[in-house]
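Structure file input.pdb with PDB, C-alpha atoms and all ligand atoms:
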ATOM      1  CA  ASP E   1       0.000   0.000   0.000
ATOM      2  CA  GLN E   2       1.144   3.531  -0.762
ATOM      3  CA  ARG E   3       1.695   5.836   2.190
ATOM      4  CA  VAL E   4      -0.827   8.626   1.900
ATOM      5  CA  VAL E   5       0.690  12.076   2.435
ATOM      6  CA  LEU E   6      -1.203  15.364   2.631
ATOM      7  CA  ILE E   7       0.799  18.595   2.512
ATOM      8  CA  THR E   8      -0.455  22.166   3.021
ATOM      9  CA  GLY E   9       0.924  25.236   1.223
ATOM     10  CA  CYS E  10       2.198  23.481  -1.937
ATOM     11  CA  SER E  11       1.941  26.309  -4.466
ATOM     12  CA  SER E  12       5.535  27.348  -3.741
ATOM     13  CA  GLY E  13       8.630  26.860  -1.628
ATOM     14  CA  ILE E  14       9.171  24.007   0.793
ATOM     15  CA  GLY E  15       5.695  22.496   0.328
ATOM     16  CA  LEU E  16       6.081  22.396  -3.440
ATOM     17  CA  SER E  17       9.555  20.797  -3.256
ATOM     18  CA  LEU E  18       8.429  18.195  -0.752
ATOM     19  CA  ALA E  19       5.370  17.305  -2.855
ATOM     20  CA  VAL E  20       7.522  16.940  -5.984
ATOM     21  CA  CYS E  21      10.133  14.825  -4.188
ATOM     22  CA  LEU E  22       7.645  12.410  -2.624
ATOM     23  CA  ALA E  23       5.528  12.130  -5.773
ATOM     24  CA  SER E  24       8.678  11.361  -7.808
ATOM     25  CA  ASP E  25       9.742   8.429  -5.652
ATOM     26  CA  PRO E  26      10.688   5.724  -8.159
ATOM     27  CA  ASP E  27       9.039   3.010  -6.081
ATOM     28  CA  LYS E  28       5.850   5.057  -5.848
ATOM     29  CA  THR E  29       5.996   4.711  -2.103
ATOM     30  CA  TYR E  30       3.811   7.762  -1.580
ATOM     31  CA  LYS E  31       0.472   9.021  -2.765
ATOM     32  CA  VAL E  32       0.746  12.775  -2.347
ATOM     33  CA  TYR E  33      -2.166  15.140  -1.873
ATOM     34  CA  ALA E  34      -0.560  18.504  -2.509
ATOM     35  CA  THR E  35      -2.946  21.139  -1.202
ATOM     36  CA  MET E  36      -2.957  24.859  -1.806
ATOM     37  CA  ARG E  37      -5.173  27.795  -0.926
ATOM     38  CA  ASN E  38      -5.484  28.979  -4.495
ATOM     39  CA  LEU E  39      -5.681  26.338  -7.231
ATOM     40  CA  ALA E  40      -4.929  29.010  -9.839
ATOM     41  CA  LYS E  41      -1.332  28.708  -8.583
ATOM     42  CA  LYS E  42      -0.997  25.021  -9.399
ATOM     43  CA  GLU E  43       0.938  25.590 -12.655
ATOM     44  CA  ARG E  44       4.314  25.787 -10.936
ATOM     45  CA  LEU E  45       3.803  22.440  -9.249
ATOM     46  CA  LEU E  46       2.462  20.869 -12.444
ATOM     47  CA  GLU E  47       5.486  22.187 -14.299
ATOM     48  CA  CYS E  48       7.825  20.470 -11.815
ATOM     49  CA  VAL E  49       6.083  17.102 -12.010
ATOM     50  CA  LYS E  50       5.705  17.024 -15.763
ATOM     51  CA  GLY E  51       5.721  13.449 -17.029
ATOM     52  CA  LEU E  52       4.969  11.932 -13.672
ATOM     53  CA  HIS E  53       2.355   9.260 -13.259
ATOM     54  CA  ARG E  54      -1.002  10.400 -12.101
ATOM     55  CA  ASP E  55      -1.088   7.740  -9.412
ATOM     56  CA  THR E  56       1.331   9.520  -7.102
ATOM     57  CA  LEU E  57      -0.004  13.079  -7.060
ATOM     58  CA  ASP E  58      -3.306  14.826  -6.639
ATOM     59  CA  ILE E  59      -3.739  18.575  -6.153
ATOM     60  CA  LEU E  60      -6.495  19.783  -3.845
ATOM     61  CA  GLN E  61      -7.731  23.168  -2.724
ATOM     62  CA  MET E  62      -7.224  23.813   0.978
ATOM     63  CA  ASP E  63      -7.151  27.075   2.879
ATOM     64  CA  VAL E  64      -5.875  26.261   6.359
ATOM     65  CA  THR E  65      -7.838  29.170   7.833
ATOM     66  CA  ASN E  66     -11.120  27.738   6.558
ATOM     67  CA  GLN E  67     -12.426  24.656   8.336
ATOM     68  CA  GLN E  68     -14.907  23.887   5.579
ATOM     69  CA  SER E  69     -12.115  23.874   3.022
ATOM     70  CA  ILE E  70     -10.017  21.533   5.210
ATOM     71  CA  LEU E  71     -12.925  19.096   5.597
ATOM     72  CA  GLU E  72     -13.692  19.175   1.867
ATOM     73  CA  ALA E  73     -10.082  18.347   1.042
ATOM     74  CA  LYS E  74     -10.158  15.548   3.601
ATOM     75  CA  ASP E  75     -13.267  14.118   1.906
ATOM     76  CA  ARG E  76     -11.462  14.050  -1.431
ATOM     77  CA  VAL E  77      -8.732  11.726  -0.159
ATOM     78  CA  THR E  78      -9.807   8.548  -1.953
ATOM     79  CA  GLU E  79      -7.909   6.224   0.416
ATOM     80  CA  LYS E  80      -9.994   7.669   3.269
ATOM     81  CA  ARG E  81      -6.895   7.927   5.427
ATOM     82  CA  VAL E  82      -3.813  10.099   5.737
ATOM     83  CA  ASP E  83      -0.657   8.397   7.006
ATOM     84  CA  ILE E  84       1.578  11.467   6.898
ATOM     85  CA  LEU E  85       0.229  14.973   7.443
ATOM     86  CA  VAL E  86       2.567  17.863   6.667
ATOM     87  CA  CYS E  87       1.488  21.241   8.055
ATOM     88  CA  ASN E  88       3.647  23.607   6.088
ATOM     89  CA  ALA E  89       1.499  26.610   5.123
ATOM     90  CA  GLY E  90       2.711  29.780   6.768
ATOM     91  CA  VAL E  91       3.263  33.496   6.312
ATOM     92  CA  GLY E  92       5.709  35.996   7.714
ATOM     93  CA  LEU E  93       5.092  39.432   9.187
ATOM     94  CA  MET E  94       7.924  41.895   9.524
ATOM     95  CA  GLY E  95       7.997  45.472  10.771
ATOM     96  CA  PRO E  96       7.848  47.605  13.923
ATOM     97  CA  LEU E  97       5.144  46.281  16.233
ATOM     98  CA  GLU E  98       3.492  49.667  16.692
ATOM     99  CA  VAL E  99       2.409  49.851  13.029
ATOM    100  CA  GLN E 100       0.755  46.409  12.891
ATOM    101  CA  SER E 101      -3.026  46.474  12.761
ATOM    102  CA  LEU E 102      -5.046  44.037  14.819
ATOM    103  CA  ASP E 103      -6.348  42.513  11.581
ATOM    104  CA  THR E 104      -2.850  41.871  10.252
ATOM    105  CA  MET E 105      -1.759  40.351  13.543
ATOM    106  CA  ARG E 106      -4.857  38.143  13.651
ATOM    107  CA  GLN E 107      -4.195  36.969  10.115
ATOM    108  CA  ILE E 108      -0.702  35.728  10.983
ATOM    109  CA  LEU E 109      -2.002  33.830  13.984
ATOM    110  CA  GLU E 110      -4.915  32.503  11.913
ATOM    111  CA  VAL E 111      -2.619  30.984   9.303
ATOM    112  CA  ASN E 112       0.469  29.948  11.256
ATOM    113  CA  LEU E 113      -1.047  28.884  14.555
ATOM    114  CA  LEU E 114      -4.757  28.150  14.202
ATOM    115  CA  GLY E 115      -4.328  26.977  10.599
ATOM    116  CA  THR E 116      -1.800  24.386  11.729
ATOM    117  CA  ILE E 117      -3.890  23.355  14.718
ATOM    118  CA  GLN E 118      -7.174  23.047  12.865
ATOM    119  CA  THR E 119      -5.526  21.013  10.100
ATOM    120  CA  ILE E 120      -4.171  18.620  12.729
ATOM    121  CA  GLN E 121      -7.592  18.505  14.428
ATOM    122  CA  ALA E 122      -9.241  17.393  11.203
ATOM    123  CA  PHE E 123      -6.920  14.413  10.665
ATOM    124  CA  LEU E 124      -6.291  13.431  14.276
ATOM    125  CA  PRO E 125      -9.339  11.185  14.844
ATOM    126  CA  GLY E 126      -8.471   9.134  11.739
ATOM    127  CA  MET E 127      -4.867   8.686  12.818
ATOM    128  CA  LYS E 128      -5.908   7.775  16.359
ATOM    129  CA  ALA E 129      -8.342   5.163  15.015
ATOM    130  CA  GLN E 130      -5.591   3.676  12.830
ATOM    131  CA  ARG E 131      -3.227   3.846  15.800
ATOM    132  CA  GLN E 132      -0.529   5.142  13.536
ATOM    133  CA  GLY E 133       0.472   8.336  11.804
ATOM    134  CA  ARG E 134       3.011  11.019  11.259
ATOM    135  CA  ILE E 135       2.458  14.735  11.718
ATOM    136  CA  LEU E 136       5.250  16.918  10.374
ATOM    137  CA  VAL E 137       5.251  20.652  10.829
ATOM    138  CA  THR E 138       7.511  23.190   9.157
ATOM    139  CA  GLY E 139       9.001  24.932  12.166
ATOM    140  CA  SER E 140      11.285  27.909  12.288
ATOM    141  CA  MET E 141      14.259  29.226  14.221
ATOM    142  CA  GLY E 142      11.775  32.027  14.891
ATOM    143  CA  GLY E 143       9.849  29.479  16.954
ATOM    144  CA  LEU E 144      12.882  28.736  19.105
ATOM    145  CA  HIS E 145      14.287  32.181  19.739
ATOM    146  CA  GLY E 146      12.984  35.715  19.401
ATOM    147  CA  LEU E 147      13.844  37.985  16.492
ATOM    148  CA  PRO E 148      13.370  41.764  16.472
ATOM    149  CA  PHE E 149      10.674  43.114  14.144
ATOM    150  CA  ASN E 150       9.186  39.610  13.968
ATOM    151  CA  GLU E 151       7.203  39.644  17.205
ATOM    152  CA  LEU E 152       3.985  38.235  15.747
ATOM    153  CA  TYR E 153       5.728  35.742  13.472
ATOM    154  CA  CYS E 154       7.812  34.456  16.387
ATOM    155  CA  ALA E 155       4.773  34.417  18.675
ATOM    156  CA  SER E 156       2.931  32.263  16.129
ATOM    157  CA  LYS E 157       5.871  29.897  15.640
ATOM    158  CA  PHE E 158       6.636  29.634  19.377
ATOM    159  CA  ALA E 159       2.978  28.774  19.866
ATOM    160  CA  VAL E 160       3.198  26.032  17.246
ATOM    161  CA  GLU E 161       6.155  24.592  19.190
ATOM    162  CA  GLY E 162       4.051  24.475  22.340
ATOM    163  CA  ALA E 163       1.114  22.868  20.591
ATOM    164  CA  CYS E 164       3.290  20.200  18.914
ATOM    165  CA  GLU E 165       5.298  19.405  22.024
ATOM    166  CA  SER E 166       2.087  19.030  24.020
ATOM    167  CA  LEU E 167       0.477  16.810  21.386
ATOM    168  CA  ALA E 168       3.594  14.655  21.072
ATOM    169  CA  ILE E 169       3.288  13.566  24.705
ATOM    170  CA  LEU E 170      -0.247  12.308  24.168
ATOM    171  CA  LEU E 171       0.079  10.972  20.631
ATOM    172  CA  HIS E 172       3.040   8.847  21.629
ATOM    173  CA  HIS E 173       0.374   6.555  23.183
ATOM    174  CA  PHE E 174      -1.296   6.179  19.782
ATOM    175  CA  ASN E 175       1.869   5.445  17.798
ATOM    176  CA  ILE E 176       1.521   8.860  16.159
ATOM    177  CA  HIS E 177       4.763  10.802  15.825
ATOM    178  CA  VAL E 178       4.912  14.580  15.736
ATOM    179  CA  SER E 179       8.017  16.188  14.215
ATOM    180  CA  LEU E 180       8.962  19.833  13.808
ATOM    181  CA  ILE E 181      11.404  20.519  10.993
ATOM    182  CA  GLU E 182      13.133  23.627  12.299
ATOM    183  CA  CYS E 183      14.322  25.748   9.388
ATOM    184  CA  GLY E 184      16.691  28.671   9.347
ATOM    185  CA  PRO E 185      16.587  30.898   6.256
ATOM    186  CA  VAL E 186      15.447  29.010   3.148
ATOM    187  CA  ASN E 187      15.523  30.197  -0.466
ATOM    188  CA  THR E 188      11.811  30.495  -1.214
ATOM    189  CA  ASP E 189       9.298  33.233  -1.943
ATOM    190  CA  PHE E 190       8.754  33.526   1.798
ATOM    191  CA  LEU E 191      10.282  37.020   2.120
ATOM    192  CA  ASN E 192       8.281  38.268  -0.859
ATOM    193  CA  ASN E 193       5.082  36.562   0.221
ATOM    194  CA  GLN E 194       5.253  37.861   3.767
ATOM    195  CA  GLN E 195       3.547  40.959   5.091
ATOM    196  CA  LYS E 196       6.395  43.387   5.362
ATOM    197  CA  THR E 197       6.468  47.050   6.288
ATOM    198  CA  GLU E 198       8.602  48.627   3.557
ATOM    199  CA  LEU E 199      10.948  51.425   4.542
ATOM    200  CA  GLY E 200       9.029  53.976   2.451
ATOM    201  CA  ASP E 201       5.672  52.925   3.927
ATOM    202  CA  ALA E 202       3.533  55.827   5.196
ATOM    203  CA  SER E 203       2.757  53.942   8.419
ATOM    204  CA  LEU E 204       6.406  54.340   9.445
ATOM    205  CA  GLN E 205       5.945  58.100   9.786
ATOM    206  CA  GLN E 206       4.481  57.493  13.236
ATOM    207  CA  VAL E 207       7.535  55.500  14.345
ATOM    208  CA  ASP E 208      10.409  57.077  16.286
ATOM    209  CA  ALA E 209      13.738  57.653  14.577
ATOM    210  CA  GLN E 210      15.730  55.159  16.657
ATOM    211  CA  THR E 211      13.339  52.303  15.892
ATOM    212  CA  LEU E 212      13.475  53.224  12.223
ATOM    213  CA  SER E 213      17.243  53.194  12.149
ATOM    214  CA  LEU E 214      17.292  49.813  13.917
ATOM    215  CA  TYR E 215      14.690  48.508  11.469
ATOM    216  CA  GLU E 216      16.863  49.580   8.589
ATOM    217  CA  LYS E 217      19.797  47.691  10.111
ATOM    218  CA  TYR E 218      17.620  44.681  10.678
ATOM    219  CA  LEU E 219      16.523  44.646   7.032
ATOM    220  CA  GLN E 220      20.140  44.818   5.902
ATOM    221  CA  HIS E 221      21.071  42.004   8.251
ATOM    222  CA  CYS E 222      18.134  39.930   7.074
ATOM    223  CA  GLY E 223      19.016  40.490   3.421
ATOM    224  CA  ALA E 224      22.620  39.456   4.059
ATOM    225  CA  VAL E 225      21.613  36.349   6.008
ATOM    226  CA  PHE E 226      19.287  35.205   3.232
ATOM    227  CA  GLN E 227      21.949  35.897   0.655
ATOM    228  CA  ASN E 228      24.775  34.136   2.493
ATOM    229  CA  ALA E 229      23.240  31.433   4.617
ATOM    230  CA  ALA E 230      19.897  30.439   3.107
ATOM    231  CA  GLN E 231      19.411  26.755   2.395
ATOM    232  CA  ASP E 232      17.757  25.385  -0.717
ATOM    233  CA  THR E 233      14.417  23.676  -0.405
ATOM    234  CA  GLU E 234      16.098  20.388  -1.427
ATOM    235  CA  ASP E 235      18.161  20.529   1.789
ATOM    236  CA  ILE E 236      14.997  20.963   3.802
ATOM    237  CA  VAL E 237      13.246  18.156   1.938
ATOM    238  CA  LYS E 238      16.101  15.786   2.892
ATOM    239  CA  VAL E 239      15.408  16.485   6.548
ATOM    240  CA  PHE E 240      11.688  15.875   6.027
ATOM    241  CA  LEU E 241      12.619  12.542   4.416
ATOM    242  CA  ASP E 242      14.817  11.621   7.400
ATOM    243  CA  ALA E 243      11.892  12.195   9.708
ATOM    244  CA  ILE E 244       9.425  10.383   7.424
ATOM    245  CA  GLN E 245      11.682   7.361   7.011
ATOM    246  CA  SER E 246      12.807   7.092  10.630
ATOM    247  CA  PRO E 247      11.116   4.279  12.578
ATOM    248  CA  SER E 248      11.077   6.510  15.661
ATOM    249  CA  PRO E 249      11.248  10.140  14.591
ATOM    250  CA  ALA E 250      12.308  12.880  16.985
ATOM    251  CA  LEU E 251      10.144  15.840  17.927
ATOM    252  CA  ARG E 252      12.665  18.327  16.567
ATOM    253  CA  TYR E 253      14.951  18.240  13.547
ATOM    254  CA  HIS E 254      17.312  21.113  12.816
ATOM    255  CA  THR E 255      18.017  21.724   9.151
ATOM    256  CA  ASN E 256      20.990  23.994   9.686
ATOM    257  CA  ASP E 257      23.639  24.216  12.406
ATOM    258  CA  ALA E 258      24.583  27.818  11.649
ATOM    259  CA  MET E 259      22.262  29.326  14.260
ATOM    260  CA  SER E 260      22.736  26.695  16.943
ATOM    261  CA  PRO E 261      25.315  28.610  19.027
ATOM    262  CA  LEU E 262      22.662  31.269  19.587
ATOM    263  CA  THR E 263      19.887  28.797  20.317
ATOM    264  CA  THR E 264      22.244  26.930  22.645
ATOM    265  CA  LEU E 265      22.688  30.128  24.653
ATOM    266  CA  LYS E 266      19.050  29.873  25.609
ATOM    267  CA  THR E 267      19.666  26.533  27.329
ATOM    268  CA  THR E 268      23.132  27.205  28.748
ATOM    269  CA  ALA E 269      22.104  30.615  30.093
ATOM    270  CA  PRO E 270      18.400  30.105  30.745
ATOM    271  CA  ASP E 271      17.690  33.634  31.947
ATOM    272  CA  SER E 272      18.208  34.568  28.238
ATOM    273  CA  SER E 273      20.141  37.762  28.938
ATOM    274  CA  GLN E 274      23.139  36.391  27.028
ATOM    275  CA  TYR E 275      20.905  35.444  24.135
ATOM    276  CA  ILE E 276      19.419  38.912  23.977
ATOM    277  CA  SER E 277      22.759  40.701  23.972
ATOM    278  CA  ALA E 278      24.328  38.256  21.487
ATOM    279  CA  MET E 279      21.401  38.550  19.066
ATOM    280  CA  SER E 280      21.288  42.309  19.450
ATOM    281  CA  LYS E 281      24.992  42.530  18.708
ATOM    282  CA  LEU E 282      24.717  40.204  15.725
ATOM    283  CA  ILE E 283      21.900  42.169  14.131
ATOM    284  CA  PHE E 284      22.521  45.737  15.162
ATOM    285  CA  SER E 285      26.276  45.928  15.709
ATOM    286  CA  SER E 286      27.388  49.205  14.236
ATOM    287  CA  ASN E 287      29.326  52.346  15.092
ATOM    288  CA  SER E 288      26.455  53.763  17.032
ATOM    289  CA  ALA E 289      26.773  52.581  20.650
ATOM    290  CA  GLU E 290      23.336  53.847  21.643
ATOM    291  CA  ASP E 291      21.684  51.401  19.249
ATOM    292  CA  GLN E 292      23.119  48.387  21.027
TER     293      GLN E 292
HETATM  294  P1  LIG H   1       6.359  30.235   0.721
HETATM  295  O1  LIG H   1       5.789  31.583   0.920
HETATM  296  O2  LIG H   1       6.894  29.873  -0.617
HETATM  297  O3  LIG H   1       5.331  29.094   1.120
HETATM  298  C1  LIG H   1       4.285  29.269   2.048
HETATM  299  C2  LIG H   1       3.054  28.635   1.453
HETATM  300  O4  LIG H   1       1.962  28.725   2.382
HETATM  301  C3  LIG H   1       2.629  29.369   0.179
HETATM  302  O5  LIG H   1       2.459  28.423  -0.848
HETATM  303  C4  LIG H   1       1.321  30.026   0.567
HETATM  304  O6  LIG H   1       0.422  30.137  -0.491
HETATM  305  C5  LIG H   1       0.827  29.059   1.632
HETATM  306  N1  LIG H   1      -0.236  29.645   2.445
HETATM  307  C6  LIG H   1      -0.284  30.878   3.027
HETATM  308  N2  LIG H   1      -1.471  31.054   3.624
HETATM  309  C7  LIG H   1      -2.188  29.901   3.435
HETATM  310  C8  LIG H   1      -3.475  29.465   3.806
HETATM  311  N3  LIG H   1      -4.312  30.251   4.496
HETATM  312  N4  LIG H   1      -3.866  28.221   3.430
HETATM  313  C9  LIG H   1      -3.056  27.423   2.718
HETATM  314  N5  LIG H   1      -1.834  27.783   2.318
HETATM  315  C10 LIG H   1      -1.407  29.015   2.684
HETATM  316  O7  LIG H   1       7.503  30.091   1.807
HETATM  317  P2  LIG H   1       8.202  28.785   2.452
HETATM  318  O8  LIG H   1       9.513  29.241   2.892
HETATM  319  O9  LIG H   1       8.096  27.612   1.575
HETATM  320  O10 LIG H   1       7.297  28.574   3.751
HETATM  321  C11 LIG H   1       6.826  27.324   4.161
HETATM  322  C12 LIG H   1       6.894  27.229   5.678
HETATM  323  O11 LIG H   1       8.259  27.322   6.052
HETATM  324  C13 LIG H   1       6.168  28.348   6.417
HETATM  325  O12 LIG H   1       5.440  27.773   7.484
HETATM  326  C14 LIG H   1       7.299  29.204   6.951
HETATM  327  O13 LIG H   1       6.950  29.853   8.144
HETATM  328  C15 LIG H   1       8.372  28.156   7.175
HETATM  329  N6  LIG H   1       9.727  28.703   7.235
HETATM  330  C16 LIG H   1      10.282  29.342   6.164
HETATM  331  C17 LIG H   1      11.558  29.878   6.271
HETATM  332  C18 LIG H   1      12.238  30.588   5.135
HETATM  333  O14 LIG H   1      13.248  31.229   5.343
HETATM  334  N7  LIG H   1      11.751  30.494   3.919
HETATM  335  C19 LIG H   1      12.262  29.749   7.476
HETATM  336  C20 LIG H   1      11.681  29.083   8.536
HETATM  337  C21 LIG H   1      10.411  28.566   8.405
END
Please re-express this file's structure in structure tokens.
Ligand code: NAD
Amino acid sequence: DQRVVLITGCSSGIGLSLAVCLASDPDKTYKVYATMRNLAKKERLLECVKGLHRDTLDILQMDVTNQQSILEAKDRVTEKRVDILVCNAGVGLMGPLEVQSLDTMRQILEVNLLGTIQTIQAFLPGMKAQRQGRILVTGSMGGLHGLPFNELYCASKFAVEGACESLAILLHHFNIHVSLIECGPVNTDFLNNQQKTELGDASLQQVDAQTLSLYEKYLQHCGAVFQNAAQDTEDIVKVFLDAIQSPSPALRYHTNDAMSPLTTLKTTAPDSSQYISAMSKLIFSSNSAEDQ
């Protein structure tokens, strides 16, 4: 029997690469349901799987913020079971906190946190009944340590960590394994797709000069990090495969060691003051002492 995989957020990036990789398995080990919010964006995925057999890939509409849409996608799974659920859909939000509207903040939490949770909710009873399953979630370094100008994004990803860790303790009793694939920067459309306050944005007129200058430094830092240290989606997909193929997968997989000295500071110096000064120095270090 094929292992039935359902992935969210497959129109681009990590979700698309994972769907293509699993659907291209020469032994046809997987039947992949690649889901996306907007089916009009399926061309990119179709382009990547050109020539593949129809029996390993199906594309379904699914908006993770819409319960009806999740349940309709679930109904379309012909095998009537999902062995491997991949909660990958997510969006970023970047900018000074004081300019974020309540609606924008809600939207990030709706997609990243509640979207992930309500997708899991929909497939959990089936997995429990089968007494087996895998739940993989695209996690982020932003879920493990704070990042300036990413308060809402980090809040949503920290929250996902808490939800997954909590579930893992229970689901262990049902032979269901939860794994977070913790990514650092990855070369995808993520930065373009995110909600970002641009430097010329009118909303920034209400923000004080020091915050603005720090934001500018942050954007430069972020650009440099993505340019120098971003991984390709193929690297991330390998880690997903490790977790999928492991007989006893871990709760957390790190895709990249580059950030681990900083994350380690949070455990070796648990009051986090060292983390805060190290991160501040890394991002904002400049000639201006008052910024640090
Ligand atoms: P991406 O923007 O290419 O992919 C995100 C996907 O989620 C898109 O296809 C988008 O359409 C989809 N999506 C957004 N809202 C949705 C909704 N309501 N319903 C269904 N799908 C929705 O970027 P990516 O880098 O591939 O992001 C995938 C995941 O990886 C996200 O959860 C992101 O937080 C996480 N991540 C990315 C990075 C990075 O640097 N790219 C780093 C750490 C974690």
Using all atoms of stretch 57-74 of chain E that appear in the file, construct an axis-aligned enclosing box with 8 Å of padding on every side and provide its centre coordinates and edge lengths in Å, rounded to one decimal, as lines of an AutoDock Vina configuration file.
center_x = -7.5
center_y = 21.1
center_z = 0.6
size_x = 30.9
size_y = 32.1
size_z = 31.4
(request) Tell me which of E:Ser203, E:Thr56, E:Asn150, E:Thr268 sits closest to E:Leu219, counting all atoms listed in the file. (result) E:Asn150
(request) Kindly resolve the PyMOL selection byres (((chain E and resi 183-198) around 7) and not hetatm) on the present coordinates and return the residues as a PyMOL selection string. (result) chain E and resi 13+91-95+139-141+181-182+199-201+226+229-233+254-256
Go ahead and write the selection's residues with C-alpha atoms as a short mmCIF file (atom, residue, chain, number, x, y, z; two decimals), in the coordinates of the input.
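So out_27.cif came out as:
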data_model
loop_
_atom_site.label_atom_id
_atom_site.label_comp_id
_atom_site.auth_asym_id
_atom_site.auth_seq_id
_atom_site.Cartn_x
_atom_site.Cartn_y
_atom_site.Cartn_z
CA GLY E 13 8.63 26.86 -1.63
CA VAL E 91 3.26 33.50 6.31
CA GLY E 92 5.71 36.00 7.71
CA LEU E 93 5.09 39.43 9.19
CA MET E 94 7.92 41.90 9.52
CA GLY E 95 8.00 45.47 10.77
CA GLY E 139 9.00 24.93 12.17
CA SER E 140 11.28 27.91 12.29
CA MET E 141 14.26 29.23 14.22
CA ILE E 181 11.40 20.52 10.99
CA GLU E 182 13.13 23.63 12.30
CA LEU E 199 10.95 51.42 4.54
CA GLY E 200 9.03 53.98 2.45
CA ASP E 201 5.67 52.92 3.93
CA PHE E 226 19.29 35.20 3.23
CA ALA E 229 23.24 31.43 4.62
CA ALA E 230 19.90 30.44 3.11
CA GLN E 231 19.41 26.76 2.40
CA ASP E 232 17.76 25.38 -0.72
CA THR E 233 14.42 23.68 -0.40
CA HIS E 254 17.31 21.11 12.82
CA THR E 255 18.02 21.72 9.15
CA ASN E 256 20.99 23.99 9.69
#
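Here atom CA of E:Ile120 and atom CA of E:Leu46 stand 26.1 Å from one another.
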(message) Between E:Ala202, E:Ile176, E:Leu109, E:Cys222, which residue has the minimum interatomic distance to E:Pro247, considering all atoms listed in the file?
(response) E:Ile176
Set the distance at 12 Å and use only C-alpha atoms: which residues neighbour E:Leu16 once local chain neighbours fewer than 5 positions away are removed? I'd like the list as a compact mmCIF listing (two decimals) with C-alpha atoms, keeping the file's coordinate frame.
# COMPACT_ATOMS: atom_id res chain seq x y z
CA LEU E 6 -1.20 15.36 2.63
CA ILE E 7 0.80 18.60 2.51
CA THR E 8 -0.46 22.17 3.02
CA GLY E 9 0.92 25.24 1.22
CA CYS E 10 2.20 23.48 -1.94
CA SER E 11 1.94 26.31 -4.47
CA CYS E 21 10.13 14.82 -4.19
CA LEU E 22 7.64 12.41 -2.62
CA ALA E 23 5.53 12.13 -5.77
CA VAL E 32 0.75 12.78 -2.35
CA TYR E 33 -2.17 15.14 -1.87
CA ALA E 34 -0.56 18.50 -2.51
CA THR E 35 -2.95 21.14 -1.20
CA MET E 36 -2.96 24.86 -1.81
CA LYS E 41 -1.33 28.71 -8.58
CA LYS E 42 -1.00 25.02 -9.40
CA GLU E 43 0.94 25.59 -12.66
CA ARG E 44 4.31 25.79 -10.94
CA LEU E 45 3.80 22.44 -9.25
CA LEU E 46 2.46 20.87 -12.44
CA GLU E 47 5.49 22.19 -14.30
CA CYS E 48 7.82 20.47 -11.82
CA VAL E 49 6.08 17.10 -12.01
CA LEU E 57 0.00 13.08 -7.06
CA ILE E 59 -3.74 18.58 -6.15
CA VAL E 86 2.57 17.86 6.67
CA ASN E 88 3.65 23.61 6.09
CA ALA E 89 1.50 26.61 5.12
CA THR E 188 11.81 30.50 -1.21
CA ASP E 189 9.30 33.23 -1.94
CA THR E 233 14.42 23.68 -0.40
CA GLU E 234 16.10 20.39 -1.43
CA ILE E 236 15.00 20.96 3.80
CA VAL E 237 13.25 18.16 1.94
(request) Tell me, as number ranges by chain, which residues lie within 10 Å of E:Leu282, counting all atoms listed in the file; anything in the same chain fewer than 6 positions away does not count. (result) E: 218, 221, 262, 276, 292
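Counting all atoms listed in the file and comparing E:Asp1, E:Asp27, E:Glu98, E:Glu110, the residue that lies closest to ligand LIG 1 (chain H) is E:Glu110.
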(request) May I ask for the distance between atom CA of E:Val239 and atom CA of E:Ile135, given in Å to one decimal place? (result)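 Atom-to-atom, atom CA of E:Val239 to atom CA of E:Ile135, that is 14.1 Å.
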(message) Around the point (5.9, 13.3, 13.6) (coordinates from the file), which residues reach within 8 Å if we count all atoms listed in the file? Answer as a VMD selection string.
(response) chain E and resid 133 to 137 168 176 to 180 243 to 244 249 to 251
(request) Can you work out the spacing between atom O11 of ligand LIG 1 (chain H) and atom CA of E:Asn112 in Å, to one decimal? (result) 9.7 Å
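Residue nearest E:Asp103, chosen from E:Ser260, E:Leu152, E:Ser277, E:Lys28 and counting only C-alpha atoms: E:Leu152.
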(request) Could you tell me which of E:Val77, E:Ile169, E:Ala163, E:Cys87 comes closest to ligand LIG 1 (chain H) if we count all atoms listed in the file? (result) E:Cys87
(request) Quick one: apply the PyMOL selection byres (((chain E and resi 78) around 12) and not hetatm) to the file and drop the selected residues here as a list in words. (result)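 Here the PyMOL selection byres (((chain E and resi 78) around 12) and not hetatm) matches Val4, Val5, Leu6, Lys31, Val32, Tyr33, Asp55, Leu57, Asp58, Leu60, Glu72, Ala73, Lys74, Asp75, Arg76, Val77, Glu79, Lys80, Arg81 and Val82 of chain E.
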(request) Would you mind telling me which residue in E:Pro26, E:Gly162, E:Gly223, E:Pro125 lies nearest to ligand LIG 1 (chain H) when using all atoms listed in the file? (result) E:Gly223
(request) For E:Phe174, list every protein, DNA or RNA residue within 8 Å, evaluated using only C-alpha atoms, and leave out those in the same chain fewer than 3 positions away; present the list as a PyMOL selection string. (result) chain E and resi 128+131-132+170-171
Expected file: the selected residues, C-alpha atoms, as a compact mmCIF listing (two decimals), keeping the file's coordinate frame:
# COMPACT_ATOMS: atom_id res chain seq x y z
CA LYS E 128 -5.91 7.78 16.36
CA ARG E 131 -3.23 3.85 15.80
CA GLN E 132 -0.53 5.14 13.54
CA LEU E 170 -0.25 12.31 24.17
CA LEU E 171 0.08 10.97 20.63
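Residues with at least one atom no more than 6 Å from (-4.7, 28.5, -0.8), using all atoms listed in the file, are Met36, Arg37, Asn38, Met62 and Asp63 of chain E.
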Output C-alpha atoms of each residue in that selection to a file, as a CSV table (one decimal), in the frame of the given file.
chain,number,residue,atom,x,y,z
E,36,MET,CA,-3.0,24.9,-1.8
E,37,ARG,CA,-5.2,27.8,-0.9
E,38,ASN,CA,-5.5,29.0,-4.5
E,62,MET,CA,-7.2,23.8,1.0
E,63,ASP,CA,-7.2,27.1,2.9
